[in-house]
Structures are given as structure tokens and as C-alpha cells.
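Please read the structure below before turning to the comments.
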Amino acid sequence: MRTWLVTGGAGFIGGNFVLDAVASGVRVVNLDALTYAGNLDTLAPLQGHPAHVFVHGDIGDRTLVTRLLAEHRPSAILNFAAESHVDRSIDGPAAFVRTNVVGTLNLLECARDYWRSLEGEAREGFRFLHVSTDEVYGSLGETGRFTEETPYAPNSPYSASKAASDHLVRAFHHTYGLPVLTTNCSNNYGPYQFPEKLIPLVIQKALAGEPLPVYGDGKNVRDWLYVKDHCAAIRRVLEAGRIGETYNVGGDAERQNIEVVKAVCALIDRRRPRQDGQPRESQITFVRDRPGHDRRYAIDASKLKRELGWAPTVSFEQGLAATVDWYLDHADWVARVLDGSYRLERIGMGA
């Protein structure tokens, strides 16, 4: 049985990835610091599963990471661990540098030393896969898409910290020969997403009858990627990606934020109509834009499709309906998340 060390595997994307990986027959050692977005409830289906080893710890803990590598001898490290919310990076950028930059550096150094200790097929087959974001590329105008050759131009503390981690991964390949792979994905959505992100936030506020905050004029554009498609892309890159290469992962689903919010409202109206019969679209409230808000992202994933044969299988309409249904069916999961420090308040206003 293959063993993978997955960092950040109690978060949204990492948790979905771990669930799928174990279901496919992979043994996963799951290292997560359980910060605000890490949630063991996401991993409840794996409780007691012999192929899932959960370790509460930080990727910046060199002693711990070194011990896990020596003890479990993984054939791959997949780094999902990151502070990832733009608004939080505006309020507190230092945490993003600690985890996304310093933490990734520590993980890379541990991976390099472990890889050097391997021999034969184990050394030849080892991979370090780093999961990143399209936000490192900055903002697009009305046309064009990000490719793997697009220059980095991060505009938030979050995207700057992820750009730095991407550069470190590249440097460890070119300097030390570490067999790395990097993926840069567009906006993910789906089950188990922390409810400060747009889609789950709108779902919860719509159900509660509260105002639905939309930044600026609502016309900021994102390319939406269903999380299960993203997980499949990562597995495909790990399996067959060319060492040292970057692969963009997108959902071919550009939507304005206001379009997404209205679509969520319409889905909830059909499933849980308001008692007064009014559409939940009437709850939309435009609020002051976040500082440095990028106008448009769009991913060109043709390299991934051409080289590795991956393409998204879930349309935005299908994925959004499935996501709304999941949140409606898992109110207990959401309630336990909201028992923590986050209360659906607006953050990230800056000075």
C-alpha cells in the first residue's frame, strides 16, 4: 500500500483529498495544525480507519516532520497546509508568512533530507507536490487567461506569501534536485468549505434571513472549480506530471460574484422557500470593496489537459447544486464550525 504524507489534510481541499485518497487505497499520514479552518469533523468518516493516521502538528516543526518521514516512509508529500483567506491576510499578514513561507521552507528542507536518504526505486519515485493558487498571478483585464508562463504579480499578503512558497519549491528543485510538482488552482467550492468563503457564507446567511454582503459592484470574476475535480487533477499530476513543472487547474467556469450569489439564492429558494414568499435575492447588500481586490481571474488549464488528459467533469451548475444540497443536509457540521471563533462577521477591512 502506498503511503503519502498530506499536510493540511483537515482543511477544505486537503480534507476532500484525504477522503478520496483513502477511499482509493492509499495510506495517508495527515499532518494538520488545526487552526481555525482545520476541522476534524471533516475526517469523521475515517475515524478508526487503519489507512488514516492523523497527527496534530505544524509543518514548521522540524523535529516532528523529520520523525514522521522516518517512521512512515512516504512515497510522496502533498502540501496543502496554508493560511488561505485573503481577508484574514489583510488583518494579520504575519501568520501567512509564518505558515506559507517559513513553514513551507521547513517542509522542503525536511523533504530534501529524507529524499537524499532514499535509495533505488524509492528515491526515483518520490515526489513533493505543492498545492498553490491562481492568485499569485495577480489580476486580469476583461480578456486573457493565466498560463503557467504568466509572470507573478500578487496583490494581497495571502497571494504574496503563496508566491514566495511557489518560488521556494522551484528553487529546491533547481538547486538540490528535489523532485517537485506545483499546481495552481482557481477558486474551489464544494463540501466541507469553511463558511467565511463566498458560497458557504451566502448559503448560511441566506438561510438565516440575513443580508448577503457582496463586495463593490459584484462584478469581480472568478473561475470556479469543484473540489472533487481539483482532487482528481492533483492525483493525476502526482501520478504522471513532469518533475519540476507547474500545472494550472481550472474549472472552465468564469462567473461574476453577483452571478454566483444569485444562483445560490435561486437554488435555496427552490429547496427552502422563505416563509414570506420573497426571493432571497432581495437580501443582497453591496458593501465597501476589500482593499486590493483583484478584478478577474481565469485559468488556462490546457497544459494539464494536453499532457495528462485531465479535464473537469462537473459543470458549475451541477457542482453548485450539489454543494447547496450538501450544506442543507449537514447543518450539524456547520453548527459545530460556528461554535468556534468565526461568526460570519466581515473581516479583512484593513486600516
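By convention in this document, the chains of the C-alpha cells carry letters A, B, ... by their order, each chain's residues are numbered from 1, and ligands are numbered from 1 in the order they are shown.
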Could you produce a table of the residues of range 153-220 of chain A lying within 8 Å of range 294-304 of chain A, with the nearest pair of atoms per residue and their separation in Å rounded to one decimal, using only C-alpha atoms, ordered by chain and increasing residue number, as a tab-separated table?
residue	atom	partner	partner_atom	distance
A:Asn155	CA	A:Asp294	CA	7.4
A:Cys185	CA	A:Ile299	CA	7.8
A:Ser186	CA	A:Ile299	CA	6.6
A:Lys219	CA	A:Arg295	CA	7.8
A:Asn220	CA	A:Arg295	CA	4.8
Give me, as a PyMOL selection string, the residues of range 205-337 of chain A that a backbone DSSP run labels helix (DSSP H, G or I). chain A and resi 205-208+227-240+257-271+280-283+302-308+316-329+331-337
Could I get the residues of range 140-207 of chain A with an atom no further than 12 Å from an atom of range 317-329 of chain A, each paired with its nearest atom pair and that distance in Å to one decimal, using only C-alpha atoms, sorted by chain and residue number, as a tab-separated table?
residue	atom	partner	partner_atom	distance
A:Asn188	CA	A:Gly319	CA	10.4
A:Tyr189	CA	A:Thr323	CA	7.5
A:Gly190	CA	A:Thr323	CA	5.0
A:Pro191	CA	A:Thr323	CA	5.9
A:Tyr192	CA	A:Tyr327	CA	8.3
A:Gln193	CA	A:Tyr327	CA	9.5
A:Phe194	CA	A:Tyr327	CA	11.0
A:Pro195	CA	A:Tyr327	CA	10.0
A:Ile199	CA	A:Val324	CA	8.6
A:Pro200	CA	A:Tyr327	CA	7.6
A:Leu201	CA	A:Tyr327	CA	10.6
A:Val202	CA	A:Val324	CA	10.0
A:Ile203	CA	A:Val324	CA	7.1
A:Gln204	CA	A:Tyr327	CA	8.5
A:Ala206	CA	A:Val324	CA	11.3
A:Leu207	CA	A:Leu328	CA	9.2
Write out, as a PDB file, in the first residue's frame, the residues just selected, with C-alpha atoms.
ATOM      1  CA  ASN A 188     -12.619  25.888  -5.244  1.00  0.00           C
ATOM      2  CA  TYR A 189     -16.080  25.152  -3.909  1.00  0.00           C
ATOM      3  CA  GLY A 190     -17.860  22.089  -2.577  1.00  0.00           C
ATOM      4  CA  PRO A 191     -18.428  20.126   0.654  1.00  0.00           C
ATOM      5  CA  TYR A 192     -16.597  20.919   3.897  1.00  0.00           C
ATOM      6  CA  GLN A 193     -15.599  24.501   2.990  1.00  0.00           C
ATOM      7  CA  PHE A 194     -15.159  26.890   5.905  1.00  0.00           C
ATOM      8  CA  PRO A 195     -18.148  29.275   5.907  1.00  0.00           C
ATOM      9  CA  ILE A 199     -20.540  30.209  -1.434  1.00  0.00           C
ATOM     10  CA  PRO A 200     -20.969  28.666   2.052  1.00  0.00           C
ATOM     11  CA  LEU A 201     -21.207  32.145   3.571  1.00  0.00           C
ATOM     12  CA  VAL A 202     -24.058  33.064   1.240  1.00  0.00           C
ATOM     13  CA  ILE A 203     -25.808  29.760   1.971  1.00  0.00           C
ATOM     14  CA  GLN A 204     -25.726  30.300   5.732  1.00  0.00           C
ATOM     15  CA  ALA A 206     -29.496  33.266   3.115  1.00  0.00           C
ATOM     16  CA  LEU A 207     -30.974  30.576   5.363  1.00  0.00           C
TER      17      LEU A 207
END
May I have a table of the residues of range 187-233 of chain A lying at most 8 Å from range 238-259 of chain A, giving each one's closest pair of atoms and their distance in Å to one decimal, counting only C-alpha atoms, ordered by chain and ascending residue number, as a tab-separated table?
residue	atom	partner	partner_atom	distance
A:Val214	CA	A:Ile258	CA	7.1
A:Gly218	CA	A:Ile258	CA	4.7
A:Lys219	CA	A:Gln256	CA	4.9
A:Asn220	CA	A:Gln256	CA	5.4
A:Val221	CA	A:Gln256	CA	4.3
A:Arg222	CA	A:Glu254	CA	5.4
A:Asp223	CA	A:Glu254	CA	4.2
A:Trp224	CA	A:Ala253	CA	5.2
A:Leu225	CA	A:Gly251	CA	4.2
A:Tyr226	CA	A:Gly251	CA	7.0
A:His230	CA	A:Val249	CA	7.0
A:Ala233	CA	A:Val249	CA	7.1
Prev. selection, C-alpha atoms, output as an mmCIF file, in the first residue's frame:
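Saved the output as part-v1.cif:
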data_model
loop_
_atom_site.group_PDB
_atom_site.id
_atom_site.type_symbol
_atom_site.label_atom_id
_atom_site.label_comp_id
_atom_site.auth_asym_id
_atom_site.auth_seq_id
_atom_site.Cartn_x
_atom_site.Cartn_y
_atom_site.Cartn_z
ATOM 1 C CA VAL A 214 -21.329 41.474 -1.965
ATOM 2 C CA GLY A 218 -20.246 42.399 -7.541
ATOM 3 C CA LYS A 219 -18.651 42.110 -10.972
ATOM 4 C CA ASN A 220 -15.335 40.614 -9.878
ATOM 5 C CA VAL A 221 -14.847 37.416 -11.899
ATOM 6 C CA ARG A 222 -13.527 34.077 -10.680
ATOM 7 C CA ASP A 223 -13.075 30.707 -12.386
ATOM 8 C CA TRP A 224 -14.892 28.146 -10.223
ATOM 9 C CA LEU A 225 -13.542 24.611 -9.734
ATOM 10 C CA TYR A 226 -15.467 21.839 -7.971
ATOM 11 C CA HIS A 230 -9.429 19.515 -8.201
ATOM 12 C CA ALA A 233 -6.294 16.729 -11.001
#
Quick one: residues within 8 Å of range 5-17 of chain A, only C-alpha atoms counted, chain neighbours fewer than 2 positions away excluded, as a PyMOL selection string? chain A and resi 3+19-21+28-34+37-40+42-43+59+69+74+76-82+188+191-194+227-228+231
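Close contacts of Pro211 in chain A, defined as residues with an atom at most 8 Å away when counting only C-alpha atoms, with chain neighbours fewer than 2 positions off set aside, comprise Lys205, Ala206, Gly209, Pro213, Gln283, Ile284 and Thr285 of chain A.
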Expressed in Å, the length from CA of Pro157 in chain A to CA of Gly138 in chain A is 11.8 Å
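Inside range 231-325 of chain A, the residues DSSP reads as strand (DSSP E) when given the backbone are Thr246, Tyr247, Asn248, Val249, Glu254, Arg255, Gln256, Ile284, Thr285, Phe286 and Val287 of chain A.
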Filtering to C-alpha atoms, could you give me those residues as a PDB file, in the first residue's frame?
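The new file result-v4.pdb reads:
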ATOM      1  CA  THR A 246       3.775  23.655 -12.843  1.00  0.00           C
ATOM      2  CA  TYR A 247       0.223  22.770 -13.869  1.00  0.00           C
ATOM      3  CA  ASN A 248      -2.711  25.173 -13.757  1.00  0.00           C
ATOM      4  CA  VAL A 249      -6.025  23.653 -12.667  1.00  0.00           C
ATOM      5  CA  GLU A 254     -15.940  32.020 -15.096  1.00  0.00           C
ATOM      6  CA  ARG A 255     -18.668  33.797 -13.166  1.00  0.00           C
ATOM      7  CA  GLN A 256     -19.136  37.246 -11.693  1.00  0.00           C
ATOM      8  CA  ILE A 284     -28.273  41.039  -1.364  1.00  0.00           C
ATOM      9  CA  THR A 285     -26.434  44.062   0.018  1.00  0.00           C
ATOM     10  CA  PHE A 286     -23.489  45.714  -1.731  1.00  0.00           C
ATOM     11  CA  VAL A 287     -20.698  46.603   0.697  1.00  0.00           C
TER      12      VAL A 287
END
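The closest residue to His56 in chain A, picked from A:Ser282, A:Thr35, A:Ser117, A:Ser132 and counting only C-alpha atoms, is A:Thr35.
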Kindly indicate which residue among A:His174, A:Asp217, A:Val180, A:His52 lies nearest to Arg288 in chain A, using only C-alpha atoms for the distances. A:Asp217
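Among the candidates A:Val53, A:Leu181, A:Ala164, A:Val18, the residue lying nearest to Thr99 in chain A is A:Ala164 (atoms considered: only C-alpha atoms).
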Interatomic distance, CA of Trp333 in chain A to CA of Asp41 in chain A (Å, one decimal): 7.0 Å
Excluding Arg123 in chain A and any residue of its chain fewer than 5 positions from it, enumerate the residues within 12 Å of it, using only C-alpha atoms, and give them as number ranges by chain. A: 73-76, 111-118, 128, 177-179
